[in-house]
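Contents: one structure, followed by commentary.
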Amino acid sequence: MSVPYFEFFAPVKILAGNRALEHISYELSSLSASRPLLVTDPGVRKAGLVEPVARALSEGGTPFVATFEDVPADSSTKVVAACARVYRDNRCDAIVAVGGGSVIDTSKGANILVSEGGDDVHRYLGAGALKRALRPFFVIPTTAGTGSEVTIAAVIADPDRGVKLAFTSPYLLPHAAIVDPRMTLTLPPFLTAATAMDALTHATEAYIGLAKNPISDAYATTAIAKIVQALPRVLARPLDEEARFDLALGATIAGVAFSSSMTSLVHALGHQLGAVCHLHHGVCMGLLLPYALEYNLAARSVEIGELLLPLEGPEAYARVMSGDRPRAAIASIRKLRDMLHAKVGLPRTLSETGKVQRDQLPRLAKMALDDGALAFNPVAVGHADALSVLERAWA
Amino acid sequence: MQAARAYVAFMMKFIARGLCAASRVDEVVRQELSPLPAGFTFEMSVLPAGPALRLRKRDDGTFVSGEPADARPDLAIRFKHLRHAMASFTFQEPTARSFADDRMVVDGDPALAMRMQRMLDRLLVLTLPHRVAEKALLRVPDLKTVDKARAAGRLWKEMVAP
Ligand SMILES: [Fe+2]
C-alpha cells in the first residue's frame, strides 16, 4: 500500500463553554458587523433559548436588529428568499442562527443571497459557484446532533420541483460556531437521545469510511468518547450543565470529523427513511448503526475494533482480545441503543417505530443507492446488500 | 507527460465509445439510463484543459458522444490533475478511492453521480479482465461466467462496429 492522500479542512472558529454567548458581540465587531439578524424557529423561541442570546448581544452592544422566525422543519428555497428579504429590509450586516439543522441550513442559504445578490438560490448550485467569503455568520446549535455548524453543506428543498438541493462550498461555513451549555439544557430526553445517536453515527461513519484520515480519526474518537460518556449523565440529570456541554461539544467535534471524512451507509439508508417514512433522522441513525457496522466488518473490522476504546474506555478495551473487539464494539453500541429504549423509548428496530411498512424496504433500499453518502462506504453496496441491512434492522 | 496525456485521451475515447455502445445493447446500463431525461449531459475531463469526453442522452434513450461544449453539463467529473486521471485509468486504485481522496471534483446532483458511477462500473466489469477489474472496483459483482461472457460479447461487438 502506497502513501495515502487526504484533505482535511475545518476552519470554523469554535467558541465553546461557559458564557460562550457573551463572546459573540466581540466576534461580530472584529468582523466590522453590528446589525445582526436572528434566524430561529418558533420551537426554539418557545423553549426560551432566544432570550439568553438576545440578552448577551444587547449587553454586548450589538443587539439583534431583526428576527426571522418562520423556519419550518424542512427548509425551502422560498423560506431562504424570505429570510434574505428580512435581512435586506432591516439593513442587517450579519446572521446569527439559533436552532437545529433546518435553521442552520436556511441561514446558510440566506447568507448566499444577501452576500451575492438576487433571490434565486439555484444560481449558486454546483461546485465552485461561490468564489468569495460571505457575510459574517454565526451558528448556535440547539440540538447537539447535526454538526451542521461546522460543515460545508446546506440542504434546501425546492418545493416547485419537489427536489432537495444540496449546496456545498467552504464559504458556507460560519465564521464561528458557539457551543454554550445553556443552549441544549432543555432539550427533551427523547430528542436528546436521538440527536446524540446522530452525532455518534457521524463520528463512527467518519472513522470507518473511505475518506477516513488520521486527523479526522482523532476528532472522531474524541467525539465518540465524549458522547457515550455524557449521554447517560444527561439523561440521568437533564439540567447538569457539564454533561450537557460535553454532549454538545462531542456533537460539534463529530461534525468536524465528518465534514472531512463524510458519512456512509447509515446515512444513505437513514435519509430515505426520513424522506419516505418521516422518521426522525437521529432515530434512524440509532437503529441502523449496529447493522451497518456489521455489514462493514468485511472491510473495516480492525477500525471497528478500535472503536471499543472510546466506546468502553481503556480498561474494558484491554480486557477484550483484539480479535473479539469488533464484535464487542458493536455490542457496546447495541447496549447503548437498548439503554436508550428503556430510558426514553427510542425505537430499537424499524418495526418498533410504527411508521415503516415492511413492504417499503425494497424501495427504500433502491433509493439509497442514489444517495451520495454511499460513495464513502468502505464496502460496495448493491440493492440486495442495502435491503439485507434494512431487513436486519426490521426486528 | 505527453504519453500520459495520450493514454488518458485514449481512455476517455474508450469510455465514451463503451458507454454509447452499452446504452444500446446492455440491459443494465439501459435500465440505469432510463430515468434520466432526454438531453441529459455528462462530462468527464481533466483540469485545467486536459482530455475530456461528453455524452448526451438522445431522445431514443441512448448516449451519443461529442466534444465538450460551452453549456454547463448536468453532471461533470473533473480530475484535478492529469496524474490523478492516469492513476484511475491505469486502475492503480478504485475510482471510489480517487473520489474519496478528493482527486476529482464532482459537479452536479449526487444522485446523478451515483447513477453514472454504476454505469461506469458496469462498463469496467464487462470490458476489463477480472483481475484488473478487482483493482478498479471495490467489489466485482458475482456474474455467472456465461452471463458475463454473453453481455461482454454483445458490448464488444457493438463497440468495434463501425
Ligand atoms: Fe446525521
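Labeling convention for the C-alpha cells: chains A, B, ... as they appear, residues from 1 per chain, ligands from 1 in order of appearance.
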
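The shell of residues at most 8 Å from Ala96 in chain B, with only C-alpha atoms counted and near chain neighbours (fewer than 5 positions) removed, consists of Ala375 and Phe376 of chain A; Leu137 and Leu138 of chain B.
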
message: I'd like the neighbourhood of range 64-77 of chain B as a ChimeraX atom specification, where a residue qualifies if any of its atoms comes within 9 Å (using only C-alpha atoms), though same-chain residues fewer than 4 positions away should be ignored.
response: /B:16-17,19-20,40-46,52-58,104-110,112-113,116

Any chance you can output those residues with N, CA and C atoms as a JSON list (two decimals), in the first residue's frame?
[["chain", "number", "residue", "atom", "x", "y", "z"],
["B", 16, "ALA", "N", -16.13, 6.72, -23.60],
["B", 16, "ALA", "CA", -17.24, 7.32, -24.34],
["B", 16, "ALA", "C", -17.86, 6.31, -25.30],
["B", 17, "ARG", "N", -17.00, 5.63, -26.03],
["B", 17, "ARG", "CA", -17.46, 4.65, -27.00],
["B", 17, "ARG", "C", -18.16, 3.50, -26.28],
["B", 19, "LEU", "N", -19.65, 3.48, -23.29],
["B", 19, "LEU", "CA", -20.95, 3.83, -22.70],
["B", 19, "LEU", "C", -22.00, 4.02, -23.79],
["B", 20, "CYS", "N", -21.60, 4.58, -24.92],
["B", 20, "CYS", "CA", -22.56, 4.72, -26.03],
["B", 20, "CYS", "C", -23.03, 3.34, -26.48],
["B", 40, "PHE", "N", -29.98, 14.92, -21.20],
["B", 40, "PHE", "CA", -29.03, 14.86, -20.07],
["B", 40, "PHE", "C", -27.60, 14.81, -20.61],
["B", 41, "THR", "N", -26.73, 15.65, -20.03],
["B", 41, "THR", "CA", -25.34, 15.65, -20.49],
["B", 41, "THR", "C", -24.38, 15.33, -19.36],
["B", 42, "PHE", "N", -23.39, 14.53, -19.69],
["B", 42, "PHE", "CA", -22.37, 14.11, -18.74],
["B", 42, "PHE", "C", -21.01, 14.45, -19.32],
["B", 43, "GLU", "N", -20.17, 15.04, -18.50],
["B", 43, "GLU", "CA", -18.83, 15.37, -18.97],
["B", 43, "GLU", "C", -17.79, 14.83, -18.01],
["B", 44, "MET", "N", -16.73, 14.28, -18.57],
["B", 44, "MET", "CA", -15.61, 13.88, -17.73],
["B", 44, "MET", "C", -14.38, 14.54, -18.32],
["B", 45, "SER", "N", -13.60, 15.20, -17.46],
["B", 45, "SER", "CA", -12.48, 15.94, -18.02],
["B", 45, "SER", "C", -11.31, 15.96, -17.04],
["B", 46, "VAL", "N", -10.20, 16.43, -17.54],
["B", 46, "VAL", "CA", -9.00, 16.62, -16.73],
["B", 46, "VAL", "C", -8.70, 18.11, -16.69],
["B", 52, "ALA", "N", -11.03, 15.31, -22.55],
["B", 52, "ALA", "CA", -12.38, 15.34, -22.00],
["B", 52, "ALA", "C", -13.30, 14.50, -22.86],
["B", 53, "LEU", "N", -14.39, 14.07, -22.25],
["B", 53, "LEU", "CA", -15.44, 13.42, -23.04],
["B", 53, "LEU", "C", -16.76, 14.03, -22.65],
["B", 54, "ARG", "N", -17.69, 14.04, -23.60],
["B", 54, "ARG", "CA", -19.03, 14.49, -23.27],
["B", 54, "ARG", "C", -20.05, 13.54, -23.89],
["B", 55, "LEU", "N", -21.02, 13.17, -23.05],
["B", 55, "LEU", "CA", -22.09, 12.29, -23.52],
["B", 55, "LEU", "C", -23.41, 13.01, -23.36],
["B", 56, "ARG", "N", -24.31, 12.75, -24.31],
["B", 56, "ARG", "CA", -25.64, 13.33, -24.19],
["B", 56, "ARG", "C", -26.66, 12.22, -24.42],
["B", 57, "LYS", "N", -27.72, 12.24, -23.64],
["B", 57, "LYS", "CA", -28.77, 11.25, -23.84],
["B", 57, "LYS", "C", -29.70, 11.74, -24.93],
["B", 58, "ARG", "N", -29.88, 10.92, -25.96],
["B", 58, "ARG", "CA", -30.75, 11.31, -27.07],
["B", 58, "ARG", "C", -32.20, 10.95, -26.78],
["B", 104, "MET", "N", -10.80, 14.27, -7.57],
["B", 104, "MET", "CA", -11.66, 14.84, -8.60],
["B", 104, "MET", "C", -12.75, 15.70, -7.98],
["B", 105, "VAL", "N", -13.30, 16.57, -8.81],
["B", 105, "VAL", "CA", -14.43, 17.39, -8.40],
["B", 105, "VAL", "C", -15.65, 16.82, -9.10],
["B", 106, "VAL", "N", -16.71, 16.59, -8.33],
["B", 106, "VAL", "CA", -17.96, 16.16, -8.94],
["B", 106, "VAL", "C", -18.92, 17.33, -8.89],
["B", 107, "ASP", "N", -19.36, 17.76, -10.04],
["B", 107, "ASP", "CA", -20.24, 18.92, -10.11],
["B", 107, "ASP", "C", -21.59, 18.47, -10.64],
["B", 108, "GLY", "N", -22.59, 18.51, -9.76],
["B", 108, "GLY", "CA", -23.93, 18.09, -10.17],
["B", 108, "GLY", "C", -24.60, 17.32, -9.05],
["B", 109, "ASP", "N", -25.84, 16.93, -9.29],
["B", 109, "ASP", "CA", -26.65, 16.20, -8.32],
["B", 109, "ASP", "C", -25.94, 14.90, -7.93],
["B", 110, "PRO", "N", -25.71, 14.67, -6.62],
["B", 110, "PRO", "CA", -25.04, 13.44, -6.21],
["B", 110, "PRO", "C", -25.76, 12.18, -6.69],
["B", 112, "LEU", "N", -27.26, 11.74, -9.50],
["B", 112, "LEU", "CA", -26.82, 11.50, -10.87],
["B", 112, "LEU", "C", -25.42, 10.90, -10.89],
["B", 113, "ALA", "N", -24.57, 11.42, -10.00],
["B", 113, "ALA", "CA", -23.20, 10.93, -9.95],
["B", 113, "ALA", "C", -23.17, 9.45, -9.56],
["B", 116, "MET", "N", -24.30, 7.44, -12.58],
["B", 116, "MET", "CA", -23.25, 7.43, -13.60],
["B", 116, "MET", "C", -22.13, 6.48, -13.19]]

Around ligand 1, at most 8 Å away and counting only C-alpha atoms and all ligand atoms, which residues are there? Put them as an mmCIF file with all heavy atoms, in the first residue's frame, please.
data_model
loop_
_atom_site.group_PDB
_atom_site.id
_atom_site.type_symbol
_atom_site.label_atom_id
_atom_site.label_comp_id
_atom_site.auth_asym_id
_atom_site.auth_seq_id
_atom_site.Cartn_x
_atom_site.Cartn_y
_atom_site.Cartn_z
ATOM 1 N N GLY A 145 -26.459 17.672 17.639
ATOM 2 C CA GLY A 145 -26.573 16.498 16.780
ATOM 3 C C GLY A 145 -26.042 16.684 15.386
ATOM 4 O O GLY A 145 -25.076 16.045 14.994
ATOM 5 N N THR A 146 -26.661 17.590 14.639
ATOM 6 C CA THR A 146 -26.408 17.641 13.196
ATOM 7 C C THR A 146 -24.954 17.936 12.842
ATOM 8 O O THR A 146 -24.484 17.483 11.814
ATOM 9 C CB THR A 146 -27.258 18.730 12.519
ATOM 10 O OG1 THR A 146 -26.804 20.009 12.972
ATOM 11 C CG2 THR A 146 -28.717 18.568 12.862
ATOM 12 N N GLY A 147 -24.271 18.719 13.633
ATOM 13 C CA GLY A 147 -22.912 19.102 13.278
ATOM 14 C C GLY A 147 -22.867 20.110 12.148
ATOM 15 O O GLY A 147 -21.807 20.491 11.666
ATOM 16 N N ASP A 198 -27.376 10.555 16.346
ATOM 17 C CA ASP A 198 -26.959 11.128 15.061
ATOM 18 C C ASP A 198 -25.475 11.506 15.142
ATOM 19 O O ASP A 198 -24.674 11.147 14.279
ATOM 20 C CB ASP A 198 -27.821 12.354 14.739
ATOM 21 C CG ASP A 198 -27.533 12.926 13.361
ATOM 22 O OD1 ASP A 198 -27.030 12.181 12.492
ATOM 23 O OD2 ASP A 198 -27.822 14.124 13.148
ATOM 24 N N ALA A 199 -25.127 12.212 16.202
ATOM 25 C CA ALA A 199 -23.736 12.649 16.359
ATOM 26 C C ALA A 199 -22.791 11.452 16.476
ATOM 27 O O ALA A 199 -21.720 11.428 15.858
ATOM 28 C CB ALA A 199 -23.613 13.546 17.593
ATOM 29 N N THR A 201 -23.221 8.594 15.227
ATOM 30 C CA THR A 201 -23.120 7.994 13.892
ATOM 31 C C THR A 201 -22.182 8.806 12.997
ATOM 32 O O THR A 201 -21.421 8.241 12.211
ATOM 33 C CB THR A 201 -24.525 7.875 13.267
ATOM 34 O OG1 THR A 201 -25.356 7.148 14.168
ATOM 35 C CG2 THR A 201 -24.481 7.163 11.931
ATOM 36 N N HIS A 202 -22.244 10.135 13.112
ATOM 37 C CA HIS A 202 -21.307 10.955 12.325
ATOM 38 C C HIS A 202 -19.867 10.558 12.617
ATOM 39 O O HIS A 202 -19.057 10.364 11.717
ATOM 40 C CB HIS A 202 -21.496 12.446 12.643
ATOM 41 C CG HIS A 202 -22.817 12.972 12.211
ATOM 42 N ND1 HIS A 202 -23.426 14.054 12.797
ATOM 43 C CD2 HIS A 202 -23.650 12.555 11.232
ATOM 44 C CE1 HIS A 202 -24.575 14.276 12.207
ATOM 45 N NE2 HIS A 202 -24.733 13.386 11.252
ATOM 46 N N THR A 263 -20.104 10.774 5.691
ATOM 47 C CA THR A 263 -20.843 9.666 6.291
ATOM 48 C C THR A 263 -21.049 8.611 5.208
ATOM 49 O O THR A 263 -20.690 8.828 4.066
ATOM 50 C CB THR A 263 -22.198 10.142 6.814
ATOM 51 O OG1 THR A 263 -22.943 10.683 5.721
ATOM 52 C CG2 THR A 263 -22.028 11.202 7.887
ATOM 53 N N HIS A 267 -26.221 6.763 6.874
ATOM 54 C CA HIS A 267 -26.881 7.971 6.394
ATOM 55 C C HIS A 267 -27.592 7.745 5.061
ATOM 56 O O HIS A 267 -28.677 8.272 4.839
ATOM 57 C CB HIS A 267 -25.892 9.130 6.309
ATOM 58 C CG HIS A 267 -25.756 9.846 7.615
ATOM 59 N ND1 HIS A 267 -25.027 9.337 8.656
ATOM 60 C CD2 HIS A 267 -26.301 11.002 8.063
ATOM 61 C CE1 HIS A 267 -25.122 10.161 9.692
ATOM 62 N NE2 HIS A 267 -25.885 11.180 9.364
ATOM 63 N N HIS A 281 -34.422 11.804 11.988
ATOM 64 C CA HIS A 281 -33.103 11.420 11.480
ATOM 65 C C HIS A 281 -32.275 10.662 12.534
ATOM 66 O O HIS A 281 -31.685 9.621 12.246
ATOM 67 C CB HIS A 281 -32.368 12.680 11.007
ATOM 68 C CG HIS A 281 -30.982 12.430 10.523
ATOM 69 N ND1 HIS A 281 -30.726 11.737 9.359
ATOM 70 C CD2 HIS A 281 -29.768 12.754 11.040
ATOM 71 C CE1 HIS A 281 -29.406 11.664 9.177
ATOM 72 N NE2 HIS A 281 -28.807 12.278 10.186
ATOM 73 N N GLY A 282 -32.264 11.186 13.744
ATOM 74 C CA GLY A 282 -31.459 10.559 14.792
ATOM 75 C C GLY A 282 -31.975 9.170 15.169
ATOM 76 O O GLY A 282 -31.196 8.270 15.487
ATOM 77 N N MET A 285 -30.676 6.790 12.653
ATOM 78 C CA MET A 285 -29.254 6.543 12.862
ATOM 79 C C MET A 285 -29.050 5.489 13.936
ATOM 80 O O MET A 285 -28.310 4.531 13.765
ATOM 81 C CB MET A 285 -28.542 7.840 13.279
ATOM 82 C CG MET A 285 -28.605 8.970 12.272
ATOM 83 S SD MET A 285 -27.788 8.589 10.721
ATOM 84 C CE MET A 285 -29.172 8.267 9.667
#

query: Given the choices B:Phe14, B:Phe79, B:Phe99, B:Phe91, which gets closest to chain A if the distance is worked out from only C-alpha atoms?
result: B:Phe99

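Excluding Asp59 in chain B itself and same-chain residues fewer than 3 positions from it, the residues having an atom within 12 Å of it are Leu33, Ser34, Leu36, Pro37, Ala38, Gly39, Phe40, Arg56, Thr62, Phe63 and Val64 of chain B, counting only C-alpha atoms.
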
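Residues of chain A lying within 6 Å of chain B, counting only C-alpha atoms, are Phe6, Gly126, Ala127, Ala211, Asp370, Asp371, Gly372 and Ala380 of chain A.
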
Contacts of range 344-359 of chain A at 8 Å or less, counting only C-alpha atoms, minus same-chain residues fewer than 6 places along, as a PDB file with N, CA, C and O atoms, in the first residue's frame?
ATOM      1  N   PRO A 189     -35.729  14.645  26.682  1.00  0.00           N
ATOM      2  CA  PRO A 189     -34.916  13.424  26.690  1.00  0.00           C
ATOM      3  C   PRO A 189     -34.931  12.656  25.370  1.00  0.00           C
ATOM      4  O   PRO A 189     -33.887  12.203  24.905  1.00  0.00           O
ATOM      5  N   PHE A 190     -36.104  12.513  24.774  1.00  0.00           N
ATOM      6  CA  PHE A 190     -36.179  11.729  23.536  1.00  0.00           C
ATOM      7  C   PHE A 190     -35.312  12.361  22.449  1.00  0.00           C
ATOM      8  O   PHE A 190     -34.507  11.698  21.791  1.00  0.00           O
ATOM      9  N   ALA A 193     -31.599  12.061  23.105  1.00  0.00           N
ATOM     10  CA  ALA A 193     -31.056  10.743  22.768  1.00  0.00           C
ATOM     11  C   ALA A 193     -30.941  10.583  21.249  1.00  0.00           C
ATOM     12  O   ALA A 193     -29.927  10.103  20.731  1.00  0.00           O
ATOM     13  N   ALA A 194     -31.979  11.002  20.529  1.00  0.00           N
ATOM     14  CA  ALA A 194     -31.978  10.818  19.075  1.00  0.00           C
ATOM     15  C   ALA A 194     -30.861  11.636  18.427  1.00  0.00           C
ATOM     16  O   ALA A 194     -30.126  11.137  17.566  1.00  0.00           O
ATOM     17  N   CYS A 277     -40.704   7.808   5.181  1.00  0.00           N
ATOM     18  CA  CYS A 277     -41.491   7.399   6.351  1.00  0.00           C
ATOM     19  C   CYS A 277     -41.529   8.476   7.435  1.00  0.00           C
ATOM     20  O   CYS A 277     -42.150   8.283   8.472  1.00  0.00           O
ATOM     21  N   HIS A 278     -40.845   9.589   7.186  1.00  0.00           N
ATOM     22  CA  HIS A 278     -40.822  10.700   8.136  1.00  0.00           C
ATOM     23  C   HIS A 278     -40.346  10.298   9.521  1.00  0.00           C
ATOM     24  O   HIS A 278     -40.836  10.784  10.533  1.00  0.00           O
ATOM     25  N   LEU A 279     -39.386   9.398   9.537  1.00  0.00           N
ATOM     26  CA  LEU A 279     -38.753   9.060  10.814  1.00  0.00           C
ATOM     27  C   LEU A 279     -37.766  10.156  11.176  1.00  0.00           C
ATOM     28  O   LEU A 279     -37.116  10.723  10.307  1.00  0.00           O
ATOM     29  N   VAL A 283     -33.303   8.997  15.102  1.00  0.00           N
ATOM     30  CA  VAL A 283     -33.882   7.685  15.389  1.00  0.00           C
ATOM     31  C   VAL A 283     -33.395   6.666  14.353  1.00  0.00           C
ATOM     32  O   VAL A 283     -32.986   5.545  14.693  1.00  0.00           O
ATOM     33  N   GLY A 286     -29.738   5.687  15.073  1.00  0.00           N
ATOM     34  CA  GLY A 286     -29.547   4.798  16.211  1.00  0.00           C
ATOM     35  C   GLY A 286     -29.901   3.361  15.897  1.00  0.00           C
ATOM     36  O   GLY A 286     -29.195   2.441  16.302  1.00  0.00           O
ATOM     37  N   LEU A 287     -30.986   3.182  15.126  1.00  0.00           N
ATOM     38  CA  LEU A 287     -31.379   1.787  14.929  1.00  0.00           C
ATOM     39  C   LEU A 287     -30.649   1.117  13.772  1.00  0.00           C
ATOM     40  O   LEU A 287     -30.564  -0.101  13.701  1.00  0.00           O
ATOM     41  N   ARG A 337     -28.055   1.472  22.604  1.00  0.00           N
ATOM     42  CA  ARG A 337     -29.362   1.552  21.963  1.00  0.00           C
ATOM     43  C   ARG A 337     -30.452   0.993  22.888  1.00  0.00           C
ATOM     44  O   ARG A 337     -31.520   1.592  23.059  1.00  0.00           O
ATOM     45  N   ASP A 338     -30.179  -0.156  23.509  1.00  0.00           N
ATOM     46  CA  ASP A 338     -31.180  -0.769  24.394  1.00  0.00           C
ATOM     47  C   ASP A 338     -31.417   0.100  25.630  1.00  0.00           C
ATOM     48  O   ASP A 338     -32.537   0.218  26.114  1.00  0.00           O
ATOM     49  N   ALA A 393     -32.508  -4.692  10.387  1.00  0.00           N
ATOM     50  CA  ALA A 393     -32.931  -3.646  11.315  1.00  0.00           C
ATOM     51  C   ALA A 393     -34.437  -3.691  11.539  1.00  0.00           C
ATOM     52  O   ALA A 393     -34.962  -2.942  12.362  1.00  0.00           O
ATOM     53  N   TRP A 394     -35.127  -4.552  10.798  1.00  0.00           N
ATOM     54  CA  TRP A 394     -36.583  -4.561  10.909  1.00  0.00           C
ATOM     55  C   TRP A 394     -37.046  -5.005  12.298  1.00  0.00           C
ATOM     56  O   TRP A 394     -37.851  -4.344  12.935  1.00  0.00           O
ATOM     57  N   ALA A 395     -36.533  -6.144  12.773  1.00  0.00           N
ATOM     58  CA  ALA A 395     -36.984  -6.625  14.080  1.00  0.00           C
ATOM     59  C   ALA A 395     -35.845  -7.276  14.859  1.00  0.00           C
ATOM     60  O   ALA A 395     -34.887  -7.700  14.287  1.00  0.00           O
TER      61      ALA A 395
END

message: Excluding Gln2 in chain B and its own-chain neighbours fewer than 5 positions away, which residues fall within 12 Å of it when counting only C-alpha atoms? Please give them as a ChimeraX atom specification.
response: /B:7-9,50-51,82-83,86

For the selection you just gave me, I'd like the residues written to a file as a CSV table (one decimal), in the first residue's frame, keeping C-alpha atoms.
chain,number,residue,atom,x,y,z
B,7,TYR,CA,-3.2,7.5,-22.7
B,8,VAL,CA,-5.8,9.4,-20.8
B,9,ALA,CA,-7.2,10.8,-24.1
B,50,GLY,CA,-6.9,18.1,-20.5
B,51,PRO,CA,-8.6,15.4,-22.4
B,82,LEU,CA,-3.6,14.6,-15.3
B,83,ARG,CA,-1.7,12.3,-13.0
B,86,MET,CA,-3.8,8.5,-15.0

message: Going by DSSP on the backbone, which residues of range 8-162 of chain B come out as strand (DSSP E or B)? List them as a PyMOL selection string.
response: chain B and resi 41-46+52-57+63-66+75-79+104-107

task: Pick out each residue of range 68-246 of chain A that DSSP on the backbone tags as alpha helix (DSSP H); I need them as an NGL selection string.
output: :A and (77-89 or 101-116 or 189-208 or 214-236 or 241-246)

message: So that I can check the surroundings of Ala129 in chain A, please list as a list in words every protein, DNA and RNA residue that reaches within 10 Å of it, counting only C-alpha atoms and ignoring chain neighbours fewer than 3 positions away.
response: Arg123, Tyr124, Leu125, Gly126, Arg132, Phe167, Thr168 and Ser169 of chain A; Asp107 of chain B

Restricting the output to C-alpha atoms, write the selected residues as a compact mmCIF listing (two decimals), in the first residue's frame.
# COMPACT_ATOMS: atom_id res chain seq x y z
CA ARG A 123 -27.91 30.19 -9.31
CA TYR A 124 -25.38 29.20 -6.70
CA LEU A 125 -25.73 25.43 -7.04
CA GLY A 126 -22.76 23.39 -8.14
CA ARG A 132 -15.61 34.55 -2.14
CA PHE A 167 -25.22 23.20 -1.68
CA THR A 168 -21.61 22.62 -0.80
CA SER A 169 -18.98 25.29 -0.54
CA ASP B 107 -20.24 18.92 -10.11

Residue neighbourhood Ala154 in chain A, 10 Å, only C-alpha atoms, exclusion window fewer than 6 positions, as a PyMOL selection string: chain A and resi 75+101-102+104-109+148+164-169+172-173

- prompt: For Val163 in chain A, which residue out of A:Ala292, A:Ala10, A:Ala275, A:Leu364 is the nearest one, using only C-alpha atoms?
  reply: A:Ala275
